[in-house]
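Novice: Have a look at this one.
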Amino acid sequence: MSVRVEQVLTEEQFEEFVALPVTLHGRGRHVPLLQPTLRSWWTGEHPQGRFGPVTFLLARSDSGAAVGRMCLHHNPSFDDKVGAETQLFGLTEFADVSVLDTLMTYAAGSARVTARTQLVGPVALLPNQTGGVITSGFDERGFMDSPWNPASYPEAYEALGFARIFEGATWIVPLGGGDGAASEPPADEPPIGEPSGGVVVRKASRLRLRRDLEAMRQVLNASFAALPYYTEISAADLAHQTAGLEFLVDPDLFHLAYIDGEPAAFVLVVPDLSEFAMARDGRLAVKDYPGLLWRRLKGTTDAILIIKGTDPSAQGRGLQTLLARQVERGLRAGGYRTLRSTFVETANAGSSRTYERMGGRPLQGTTFYRRTVR
């Protein structure tokens with residue numbers, strides 16, 4: 001099969017780009033990124049547009065059918081982190097290895113023009129946002145902010161000389177029958193909002209959500225700074241990524257710990273809207289969120305742990321254990337049956353232990369890929 005690559009420039013091409021995962025994989029496992037997010041990347045109307053355009057590409061067969069897609073972009077902050085001029089790629093779907101080879105040949109040519117020395121991905125738009133390839137658990141469905149792909153994808157990347165980086169796993173924690181029975185707190189656990197040894201735990205509030213998210217961002221940047229893939233999240237980036245969250249957040253699932261009045265740790269869990277996103281092929285916008293909130297209250301029983309972190313200066317004080325108990329209590333009281341977690345790097349044993357203590361297990365292996373530009 002002869003394959004050609006074209007840039008997505010028209011609305012018709014953009015619609016093909018959005019629809020391709022369903023065309024290739026069908027429905028049921030792949031959870032699409034929301035179309036408004038994709039459109040903001042395509043048009044450059046997103047905070048990271050200041051780093052340069054995001055180029056959307058389609059691969060076509062001899063017959064003109066779309067058989068692959070990819071985006072190309074660049075981020076100087078990521079270059080600084082990894083110490084190399086990097087061509088980032090993402091949103092990568094393909095019918096077979098020959099299609100991937102054609103897309104990567106195009107990506108390498110683009111990299112050479114701009115003197116970039118390596119290809120890294122798939123990231124959308126950065127590893128600490130979403131992306132990656134699953135390497136196991138292919139029969140399990142994906143979920144929001146995590147990848148899903150068929151078993152052929154890791155083999156295809158590695159056949160083309162890509163090496164695994166930032167390996168990890170997503171996690172799943174069964175929560176029982178979802179009967180709403182909340183566990184009693186340990187006798188030595190301070191009530192929410194009451195200080196103990198300088199530590200205060202607070203639930204988030206929809207009314208002060210932006211303030212709570214800013215406190216979370218401070219801890220997030222400090223706690224993840226040493227990770228090899230992490231680039232700092234700006235206030236503008238966070239606002240863009242969390243638009244509409246006030247309609248969806250369950251305050252019982254978003255907790256922050258403060259020490260002497262300063263944010264020190266957090267856990268953010270949200271209701272899992274993956275099935276809604278799949279049913280509508282990612283065509284959800286902020287205006288749809290109030291309706292989704294009503295539907296969640298009527299029966300969504302899955303949740304996703306999006307992110308958690310502890311300021312390095314506060315590590316070793318058991319804050320994540322304390323927050324995990326609070327969140328688990330909120331999940332059980334809210335009738336949730338399952339908690340899933342976005343990927344945790346294999347090297348991050350401390351974070352994995354949180355899920356092990358809750359009775360969880362790894363769900364899907366994950367990796368990103370890197371190859372030197374030839």
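Every chain in the structure tokens takes a letter, A first, then B, and so on in the order presented; its residues are numbered from 1, and the ligands are numbered from 1 following the presented order.
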With a distance cut-off of 8 Å and only C-alpha atoms, select the neighbouring residues of Gln320 of chain A, excluding the residue or stretch itself and same-chain residues fewer than 2 positions from it, and output the selection as a list in words.
Specialist: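 Counting only the stated atoms, we get Ala265, Phe266, Val267, Gly309, Thr310, Gly318, Leu322, Leu323, Ala324 and Thr354 of chain A.
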Novice: So that I have them on file, write out the residues from the current selection with N, CA and C atoms, as a PDB file, in the first residue's frame.
Specialist:
```pdb
ATOM      1  N   ALA A 265       0.142  19.234  50.051  1.00  0.00           N
ATOM      2  CA  ALA A 265      -0.170  17.987  49.349  1.00  0.00           C
ATOM      3  C   ALA A 265      -1.599  18.061  48.830  1.00  0.00           C
ATOM      4  N   PHE A 266      -1.897  17.226  47.842  1.00  0.00           N
ATOM      5  CA  PHE A 266      -3.253  17.221  47.286  1.00  0.00           C
ATOM      6  C   PHE A 266      -3.531  15.882  46.615  1.00  0.00           C
ATOM      7  N   VAL A 267      -4.802  15.582  46.450  1.00  0.00           N
ATOM      8  CA  VAL A 267      -5.282  14.474  45.618  1.00  0.00           C
ATOM      9  C   VAL A 267      -6.500  14.980  44.871  1.00  0.00           C
ATOM     10  N   GLY A 309       0.071  14.796  44.608  1.00  0.00           N
ATOM     11  CA  GLY A 309       1.448  15.198  44.828  1.00  0.00           C
ATOM     12  C   GLY A 309       1.666  15.754  46.216  1.00  0.00           C
ATOM     13  N   THR A 310       2.919  15.766  46.621  1.00  0.00           N
ATOM     14  CA  THR A 310       3.334  16.301  47.923  1.00  0.00           C
ATOM     15  C   THR A 310       4.573  17.163  47.713  1.00  0.00           C
ATOM     16  N   GLY A 318       3.326  11.433  55.966  1.00  0.00           N
ATOM     17  CA  GLY A 318       2.106  10.645  55.827  1.00  0.00           C
ATOM     18  C   GLY A 318       0.932  11.399  55.245  1.00  0.00           C
ATOM     19  N   LEU A 322      -3.003  10.089  54.541  1.00  0.00           N
ATOM     20  CA  LEU A 322      -4.141  10.795  55.118  1.00  0.00           C
ATOM     21  C   LEU A 322      -5.136  11.197  54.035  1.00  0.00           C
ATOM     22  N   LEU A 323      -4.647  11.770  52.941  1.00  0.00           N
ATOM     23  CA  LEU A 323      -5.534  12.215  51.865  1.00  0.00           C
ATOM     24  C   LEU A 323      -6.199  11.021  51.169  1.00  0.00           C
ATOM     25  N   ALA A 324      -5.448   9.928  50.995  1.00  0.00           N
ATOM     26  CA  ALA A 324      -6.024   8.743  50.358  1.00  0.00           C
ATOM     27  C   ALA A 324      -7.193   8.203  51.177  1.00  0.00           C
ATOM     28  N   THR A 354       0.403   3.661  47.335  1.00  0.00           N
ATOM     29  CA  THR A 354      -0.886   4.226  47.705  1.00  0.00           C
ATOM     30  C   THR A 354      -2.015   3.359  47.176  1.00  0.00           C
TER      31      THR A 354
END
```
Novice: Find the residues of segment 293-371 of chain A that sit at most 12 Å from segment 84-100 of chain A; for each, write down the nearest two atoms and how far apart they are in Å, to one decimal. Count only C-alpha atoms. Sort by chain, then by number going up, and give it as a tab-separated table.
Specialist:
```
residue	atom	partner	partner_atom	distance
A:Phe368	CA	A:Gly90	CA	10.3
A:Tyr369	CA	A:Phe89	CA	10.0
A:Arg370	CA	A:Leu88	CA	9.5
A:Arg371	CA	A:Gln87	CA	10.0
```
Novice: Take the selection from the previous step and output its residues with N, CA, C and O atoms, as an mmCIF file, in the first residue's frame.
Specialist:
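Output (result-v6.cif):
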```cif
data_model
loop_
_atom_site.group_PDB
_atom_site.id
_atom_site.type_symbol
_atom_site.label_atom_id
_atom_site.label_comp_id
_atom_site.auth_asym_id
_atom_site.auth_seq_id
_atom_site.Cartn_x
_atom_site.Cartn_y
_atom_site.Cartn_z
ATOM 1 N N PHE A 368 6.251 5.790 26.731
ATOM 2 C CA PHE A 368 6.453 6.721 25.637
ATOM 3 C C PHE A 368 7.642 6.200 24.833
ATOM 4 O O PHE A 368 8.329 5.261 25.257
ATOM 5 N N TYR A 369 7.876 6.823 23.680
ATOM 6 C CA TYR A 369 8.940 6.336 22.801
ATOM 7 C C TYR A 369 9.853 7.471 22.354
ATOM 8 O O TYR A 369 9.421 8.628 22.212
ATOM 9 N N ARG A 370 11.102 7.109 22.103
ATOM 10 C CA ARG A 370 12.108 8.075 21.625
ATOM 11 C C ARG A 370 12.960 7.411 20.532
ATOM 12 O O ARG A 370 13.282 6.239 20.616
ATOM 13 N N ARG A 371 13.302 8.224 19.526
ATOM 14 C CA ARG A 371 14.226 7.757 18.497
ATOM 15 C C ARG A 371 15.071 8.933 18.015
ATOM 16 O O ARG A 371 14.564 10.040 17.827
#
```
Novice: Where does DSSP see alpha helix (DSSP H) in segment 29-76 of chain A, if you list the residues as a list in words?
Specialist: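 Of segment 29-76 of chain A, only Gln35, Pro36, Thr37, Leu38, Arg39, Ser40, Trp41, Trp42, Thr43 and Pro76 of chain A fall in alpha helix (DSSP H).
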Novice: Now that the selection is made, can you save its residues with C-alpha atoms as a PDB file, in the first residue's frame?
Specialist:
```
ATOM      1  CA  GLN A  35     -13.076  17.689  20.216  1.00  0.00           C
ATOM      2  CA  PRO A  36     -12.926  21.268  21.579  1.00  0.00           C
ATOM      3  CA  THR A  37      -9.458  20.473  22.926  1.00  0.00           C
ATOM      4  CA  LEU A  38      -8.327  19.112  19.569  1.00  0.00           C
ATOM      5  CA  ARG A  39      -9.740  22.155  17.805  1.00  0.00           C
ATOM      6  CA  SER A  40      -7.927  24.534  20.155  1.00  0.00           C
ATOM      7  CA  TRP A  41      -4.637  22.778  19.349  1.00  0.00           C
ATOM      8  CA  TRP A  42      -5.346  22.790  15.615  1.00  0.00           C
ATOM      9  CA  THR A  43      -6.221  26.499  15.548  1.00  0.00           C
ATOM     10  CA  PRO A  76      11.278  24.679  24.492  1.00  0.00           C
TER      11      PRO A  76
END
```
Novice: Hey, what's within 10 Å of Glu214 of chain A if we count only C-alpha atoms and toss same-chain stuff fewer than 3 positions away? As a VMD selection string, please?
Specialist: chain A and resid 209 to 211 217 to 220 234 to 235 238 to 239 263
Novice: Next, dump the selected residues to file, keeping only C-alpha atoms, as an mmCIF file, in the first residue's frame.
Specialist:
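File written: selection00.cif
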```cif
data_model
loop_
_atom_site.group_PDB
_atom_site.id
_atom_site.type_symbol
_atom_site.label_atom_id
_atom_site.label_comp_id
_atom_site.auth_asym_id
_atom_site.auth_seq_id
_atom_site.Cartn_x
_atom_site.Cartn_y
_atom_site.Cartn_z
ATOM 1 C CA LEU A 209 -12.356 26.018 42.983
ATOM 2 C CA ARG A 210 -9.971 28.346 41.136
ATOM 3 C CA ARG A 211 -8.215 29.156 44.404
ATOM 4 C CA ARG A 217 -0.635 23.905 40.967
ATOM 5 C CA GLN A 218 1.959 25.237 43.405
ATOM 6 C CA VAL A 219 2.373 21.810 45.000
ATOM 7 C CA LEU A 220 2.210 20.017 41.656
ATOM 8 C CA SER A 234 1.565 27.713 34.174
ATOM 9 C CA ALA A 235 -1.598 29.269 35.557
ATOM 10 C CA LEU A 238 -4.048 24.896 34.160
ATOM 11 C CA ALA A 239 -7.026 27.163 33.494
ATOM 12 C CA PRO A 263 -0.382 24.054 50.597
#
```
Novice: Could you tell me which of A:Gly330, A:Gly168, A:Gly335, A:Pro174 comes closest to Met358 of chain A if we count only C-alpha atoms?
Specialist: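 Checking each candidate against Met358 of chain A, we get A:Pro174 as the closest.
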Novice: In terms of the shortest atom-to-atom distance over only C-alpha atoms, which of A:Val22, A:Leu253, A:Ala59, A:Ile165 is closest to Arg325 of chain A?
Specialist: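 Of all the options, A:Leu253 lies closest to Arg325 of chain A.
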Novice: Give me the residues within 8 Å of Ser2 of chain A as a list in words, counting only C-alpha atoms and dropping any in the same chain fewer than 2 places off.
Specialist: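 The residues satisfying every condition are Arg4, Ser61 and Asp62 of chain A.
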Novice: When distances are computed from only C-alpha atoms, which of A:Phe343, A:Tyr157, A:Phe17, A:Tyr336 shows the smallest separation from Met144 of chain A?
Specialist: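 For Met144 of chain A, the nearest of the given residues is A:Phe343.
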Novice: Which is closer to His255 of chain A than all the others in A:Gln326, A:Thr301, A:Thr170, A:Ser351, using only C-alpha atoms?
Specialist: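 Smallest separation from His255 of chain A among the options: A:Gln326.
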Novice: One number please: atom CA of Tyr230 of chain A to atom CA of Val82 of chain A, in Å, one decimal.
Specialist: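 Interatomic distance here is 9.5 Å.
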Novice: Please indicate the distance in Å from atom CA of Leu339 of chain A to atom CA of Gln241 of chain A, rounded to one decimal place.
Specialist: 21.1 Å
Novice: I need the strand (DSSP E) residues of segment 128-327 of chain A per DSSP on the backbone, written as number ranges by chain.
Specialist: A: 133-134, 163-174, 199-203, 254-259, 262-271, 302-310
Novice: Can you measure atom CA of Arg208 of chain A to atom CA of Ser313 of chain A for me? One decimal in Å is fine.
Specialist: 25.5 Å
Novice: Restricting the calculation to only C-alpha atoms, which member of A:Val173, A:Ala225, A:Val200, A:Val18 is positioned closest to Thr338 of chain A?
Specialist: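 Checking each candidate against Thr338 of chain A, we get A:Val173 as the closest.
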Novice: Please provide as a list in words all residues within 10 Å of Pro251 of chain A, with the sequence filter that same-chain residues fewer than 3 positions apart are discarded (counting only C-alpha atoms).
Specialist: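 Everything that qualifies: Arg202, Lys203, Ala204, Ser205, Arg206, Leu209, Glu246, Leu248, Phe254, His255, Leu268, Val269, Val270, Val327 and Gly330 of chain A.
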Novice: For each of A:Pro21, A:Gly44, A:Gly137, A:Gly28, take the minimum atom-to-atom distance to Arg361 of chain A, counting only C-alpha atoms, then give the residue where this is smallest.
Specialist: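 Between A:Pro21, A:Gly44, A:Gly137, A:Gly28, the residue approaching Arg361 of chain A most closely is A:Gly137.
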Novice: Find the residues near Glu345 of chain A: any atom within 12 Å, counting only C-alpha atoms, skip ones fewer than 6 places away on the same chain, and give them as a list in words.
Specialist: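 Here the qualifying residues turn out to be Pro127, Asn128, Gly132, Ile165, Phe166, Glu167, Gly168, Ala169, Thr170, Trp171, Phe224, Leu227, Pro228, Tyr229, Tyr230, Ser351, Ser352, Pro362, Gln364, Gly365, Thr366, Thr367 and Phe368 of chain A.
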